[in-house]
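Participant: Got a structure here, written out as structure tokens. Questions coming.
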There are 2 protein chains.
Amino acid sequence: MPDFVLDPRLEGDSLPVTDLPLSTVRLSRDANYPWLIAVPRRAGLVEIIDLDEADRALLMEEIARLSQVLRQTVRCDKLNVAALGNSVAQLHVHVIARRHDDAAWPSPIWGAAPPKAFAAGAAEALAAALAARLK
Amino acid sequence: MPDFVLDPRLEGDSLPVTDLPLSTVRLSRDANYPWLIAVPRRAGLVEIIDLDEADRALLMEEIARLSQVLRQTVRCDKLNVAALGNSVAQLHVHVIARRHDDAAWPSPIWGAAPPKAFAAGAAEALAAALAARLK
């Protein structure tokens with residue numbers, strides 16, 4: 001079994017938050033939305049059903065944990081949870097805090113607005129706040 | 001506890017497939033994509049985290065079952081799984097069979113192409129084929 005390696009595009013578009021038992025958790029560098037990405041640390045995964053039942057249950061609990069921590073940490077009117085993977089094949093799950101006044105509402109975020117940079121240090125500060133609550 | 005009532009917009013945009021232990025399963029009337037929608041039959045749900053842990057695990061297994069049955073029944077290059085709910089608040093999970101030549105690929109499907117009607121009887125036939133495999 002080859003080792004897990006984070007897809008370079010996921011790596012470039014996000015910064016590290018923490019590792020949960022199954023997934024490495026990343027924060028998107030798009031400041032339009034508080035947007036976490038959970039990437040199960042198993043090589044060769046594409047679909048949720050590439051995980052066995054026990055790991056699927058673990059993934060669901062990690063999605064729930066990320067959802068709860070986002071709501072505790074940022075303003076959040078609605079959560080969006082999605083495993084798409086049409087552009088980056090490596091299995092990854094988006095958990096996004098949506099706001100009624102965000103750049104895409106009520107549309108899904110993908111392709112809706114140009115990515116926006118965080119102010120200097122702000123992404124790292126948000127990642128650290130989320131990581132502290134995920135411990 | 002009030003009874004579960006399917007949201008009228010979800011009902012209008014889809015036809016019934018079958019009931020699983022937690023969710024009622026619907027097929028979208030948009031012929032652009034083989035597109036199932038799982039709606040947990042509990043009143044008042046909005047987010048996945050409105051379900052308790054046992055029901056979240058059940059939802060994950062129902063998502064997995066729908067994914068497998070879609071792949072057995074239609075041509076499918078990629079699965080898309082999403083709980084968004086920005087327009088229809090009632091908790092529902094999309095499980096969509098994507099194809100490299102479909103109307104939206106590689107974009108997410110929402111807002112990507114005008115809905116397309118099925119030929120007469122085709123949606124009902126697909127729903128019946130999926131229901132037979134979900135039994």
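Following the order of the structure tokens, first chain is A, next is B, and so on, with residues numbered from 1 inside each chain and ligands from 1 in the order they appear.
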List the neighbours of Ala54 in chain B out to 12 Å using only C-alpha atoms; skip same-chain residues closer than 3 positions along the sequence, and give me the result as a list in words.
Facilitator: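 Returned residues: Ala57, Leu58, Met60 and Glu61 of chain A; Leu22, Ile48, Ile49, Asp50, Leu51, Ala57, Leu58, Leu59, Met60 and Glu61 of chain B.
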Participant: What are the nearest atom pairs, with distances in Å to one decimal, for all residues of chain A that come at most 7 Å from chain B, using only C-alpha atoms, set out by chain and rising residue number as a tab-separated table?
Facilitator:
```
residue	atom	partner	partner_atom	distance
A:Glu47	CA	B:Leu79	CA	6.9
A:Ile49	CA	B:Ala64	CA	5.8
A:Arg56	CA	B:Met60	CA	6.9
A:Ala57	CA	B:Ala57	CA	5.4
A:Met60	CA	B:Met60	CA	6.8
A:Ala64	CA	B:Ile49	CA	5.8
A:Leu79	CA	B:Glu47	CA	6.9
A:Asn80	CA	B:Leu84	CA	4.5
A:Val81	CA	B:Ala83	CA	5.2
A:Ala82	CA	B:Ala82	CA	4.1
A:Ala83	CA	B:Val81	CA	5.2
A:Leu84	CA	B:Asn80	CA	4.5
A:Asn86	CA	B:Pro106	CA	5.3
A:Ser87	CA	B:Pro106	CA	6.4
A:Pro106	CA	B:Asn86	CA	5.3
```
Participant: If you count only C-alpha atoms, which residues fall within 12 Å of Leu126 in chain A, apart from same-chain ones fewer than 2 positions away, as a PyMOL selection string?
Facilitator: chain A and resi 15-17+26-29+31+33-36+69-70+73-74+118-124+128-133
Participant: Print the selection's residues with N, CA, C and O atoms to a file, as a CSV table (one decimal), in the first residue's frame.
Facilitator:
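File produced: out-v2.csv:
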```csv
chain,number,residue,atom,x,y,z
A,15,LEU,N,-4.5,25.7,3.8
A,15,LEU,CA,-3.4,25.6,4.7
A,15,LEU,C,-3.8,24.6,5.8
A,15,LEU,O,-5.0,24.3,6.0
A,16,PRO,N,-2.8,24.0,6.5
A,16,PRO,CA,-3.2,22.9,7.5
A,16,PRO,C,-3.9,23.5,8.7
A,16,PRO,O,-3.6,24.5,9.2
A,17,VAL,N,-4.8,22.7,9.2
A,17,VAL,CA,-5.5,23.0,10.5
A,17,VAL,C,-5.1,22.0,11.5
A,17,VAL,O,-4.5,22.3,12.5
A,26,ARG,N,-7.9,20.8,6.4
A,26,ARG,CA,-7.3,22.0,5.8
A,26,ARG,C,-8.3,23.2,5.7
A,26,ARG,O,-9.5,22.9,5.7
A,27,LEU,N,-7.8,24.4,5.7
A,27,LEU,CA,-8.6,25.6,5.6
A,27,LEU,C,-8.4,26.2,4.2
A,27,LEU,O,-7.2,26.4,3.9
A,28,SER,N,-9.4,26.4,3.5
A,28,SER,CA,-9.3,27.0,2.1
A,28,SER,C,-8.7,28.4,2.3
A,28,SER,O,-9.0,29.2,3.2
A,29,ARG,N,-7.8,28.8,1.3
A,29,ARG,CA,-7.3,30.2,1.3
A,29,ARG,C,-8.2,31.2,0.7
A,29,ARG,O,-7.9,32.3,0.5
A,31,ALA,N,-10.9,33.6,1.2
A,31,ALA,CA,-11.5,34.3,2.3
A,31,ALA,C,-13.0,34.6,2.2
A,31,ALA,O,-13.6,35.1,3.1
A,33,TYR,N,-15.3,32.5,2.2
A,33,TYR,CA,-16.1,31.6,3.1
A,33,TYR,C,-15.2,30.9,4.1
A,33,TYR,O,-14.1,30.5,3.7
A,34,PRO,N,-15.6,30.7,5.3
A,34,PRO,CA,-14.9,29.8,6.2
A,34,PRO,C,-15.2,28.4,5.7
A,34,PRO,O,-16.3,27.9,5.7
A,35,TRP,N,-14.1,27.8,5.2
A,35,TRP,CA,-14.3,26.6,4.3
A,35,TRP,C,-13.2,25.6,4.7
A,35,TRP,O,-12.0,25.8,4.4
A,36,LEU,N,-13.7,24.5,5.3
A,36,LEU,CA,-12.7,23.4,5.7
A,36,LEU,C,-12.8,22.3,4.7
A,36,LEU,O,-13.9,22.1,4.0
A,69,VAL,N,-17.6,22.7,15.0
A,69,VAL,CA,-16.5,23.7,15.4
A,69,VAL,C,-16.6,24.9,14.5
A,69,VAL,O,-16.4,26.0,15.0
A,70,LEU,N,-17.0,24.8,13.2
A,70,LEU,CA,-17.2,26.0,12.4
A,70,LEU,C,-18.3,26.8,13.0
A,70,LEU,O,-18.1,28.1,13.1
A,73,THR,N,-17.2,28.9,15.9
A,73,THR,CA,-16.0,29.7,15.7
A,73,THR,C,-16.3,30.9,14.8
A,73,THR,O,-15.8,32.0,14.9
A,74,VAL,N,-17.2,30.7,13.8
A,74,VAL,CA,-17.5,31.8,12.9
A,74,VAL,C,-19.0,32.0,12.7
A,74,VAL,O,-19.8,31.1,13.1
A,118,PHE,N,-7.1,36.3,2.1
A,118,PHE,CA,-7.2,36.7,3.5
A,118,PHE,C,-6.3,37.9,3.7
A,118,PHE,O,-5.2,38.0,3.1
A,119,ALA,N,-6.6,38.7,4.7
A,119,ALA,CA,-5.6,39.7,5.2
A,119,ALA,C,-4.4,38.9,5.8
A,119,ALA,O,-4.5,37.8,6.2
A,120,ALA,N,-3.3,39.6,5.8
A,120,ALA,CA,-2.0,38.9,6.3
A,120,ALA,C,-2.3,38.3,7.7
A,120,ALA,O,-2.7,39.0,8.6
A,121,GLY,N,-2.0,37.1,7.8
A,121,GLY,CA,-2.1,36.4,9.1
A,121,GLY,C,-3.5,35.9,9.5
A,121,GLY,O,-3.7,35.1,10.4
A,122,ALA,N,-4.5,36.4,8.8
A,122,ALA,CA,-5.9,36.0,9.2
A,122,ALA,C,-6.2,34.6,8.9
A,122,ALA,O,-7.0,34.0,9.7
A,123,ALA,N,-5.8,34.0,7.8
A,123,ALA,CA,-6.0,32.6,7.6
A,123,ALA,C,-5.4,31.7,8.6
A,123,ALA,O,-6.0,30.8,9.2
A,124,GLU,N,-4.1,32.1,9.0
A,124,GLU,CA,-3.4,31.3,10.0
A,124,GLU,C,-4.1,31.4,11.4
A,124,GLU,O,-4.2,30.5,12.1
A,128,ALA,N,-5.7,28.4,13.4
A,128,ALA,CA,-5.3,28.1,14.8
A,128,ALA,C,-6.5,28.0,15.7
A,128,ALA,O,-6.6,27.2,16.6
A,129,ALA,N,-7.5,28.9,15.5
A,129,ALA,CA,-8.7,28.9,16.4
A,129,ALA,C,-9.5,27.6,16.2
A,129,ALA,O,-10.0,27.1,17.1
A,130,LEU,N,-9.6,27.2,14.9
A,130,LEU,CA,-10.3,26.0,14.6
A,130,LEU,C,-9.6,24.8,15.2
A,130,LEU,O,-10.2,23.9,15.8
A,131,ALA,N,-8.3,24.8,15.0
A,131,ALA,CA,-7.5,23.6,15.5
A,131,ALA,C,-7.6,23.5,17.0
A,131,ALA,O,-7.7,22.4,17.6
A,132,ALA,N,-7.6,24.6,17.7
A,132,ALA,CA,-7.7,24.6,19.2
A,132,ALA,C,-9.0,23.9,19.6
A,132,ALA,O,-9.0,23.1,20.6
A,133,ARG,N,-10.1,24.2,18.9
A,133,ARG,CA,-11.4,23.6,19.3
A,133,ARG,C,-11.5,22.2,18.8
A,133,ARG,O,-12.3,21.4,19.3
```
Participant: Looking at only C-alpha atoms, which of B:Val25, B:Asp3, B:Arg9, B:Arg41 is the one that sits closest to Leu91 in chain B?
Facilitator: B:Arg41
Participant: If DSSP is run on the backbone, what residues of range 56-99 of chain B are strand (DSSP E)? A reply as a PyMOL selection string would be ideal.
Facilitator: chain B and resi 78-83+93-98
Participant: Kindly export the residues of the current selection with C-alpha atoms, as a short mmCIF file (atom, residue, chain, number, x, y, z; two decimals), in the first residue's frame.
Facilitator:
```cif
data_model
loop_
_atom_site.label_atom_id
_atom_site.label_comp_id
_atom_site.auth_asym_id
_atom_site.auth_seq_id
_atom_site.Cartn_x
_atom_site.Cartn_y
_atom_site.Cartn_z
CA LYS B 78 -17.81 10.08 -10.73
CA LEU B 79 -20.20 10.37 -7.85
CA ASN B 80 -21.11 13.74 -6.37
CA VAL B 81 -22.54 13.75 -2.84
CA ALA B 82 -23.77 16.97 -1.29
CA ALA B 83 -25.95 18.38 1.47
CA VAL B 93 -28.61 14.79 0.39
CA HIS B 94 -27.90 14.73 -3.33
CA VAL B 95 -26.22 11.61 -4.76
CA ILE B 96 -25.51 12.22 -8.42
CA ALA B 97 -23.92 10.06 -11.11
CA ARG B 98 -21.66 12.34 -13.13
#
```
Participant: Have a look at CA of Lys116 in chain B and CA of Val39 in chain B and let me know their distance in Å, one decimal.
Facilitator: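 One can read the CA of Lys116 in chain B to CA of Val39 in chain B distance as 22.6 Å.
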Participant: Give the alpha helix (DSSP H) residues of range 4-92 of chain A, as DSSP finds them on the backbone, and put them as a list in words.
Facilitator: Pro8, Arg9, Leu10, Glu11, Gly12, Glu53, Ala54, Asp55, Arg56, Ala57, Leu58, Leu59, Met60, Glu61, Glu62, Ile63, Ala64, Arg65, Leu66, Ser67, Gln68, Val69, Leu70, Arg71, Gln72 and Thr73 of chain A
Participant: From the options A:Asp101, A:Lys135, A:Ala125, A:Asp7, which residue's atoms come nearest to Asn32 in chain A, counting only C-alpha atoms?
Facilitator: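 Selected residue with least distance to Asn32 in chain A: A:Asp101.
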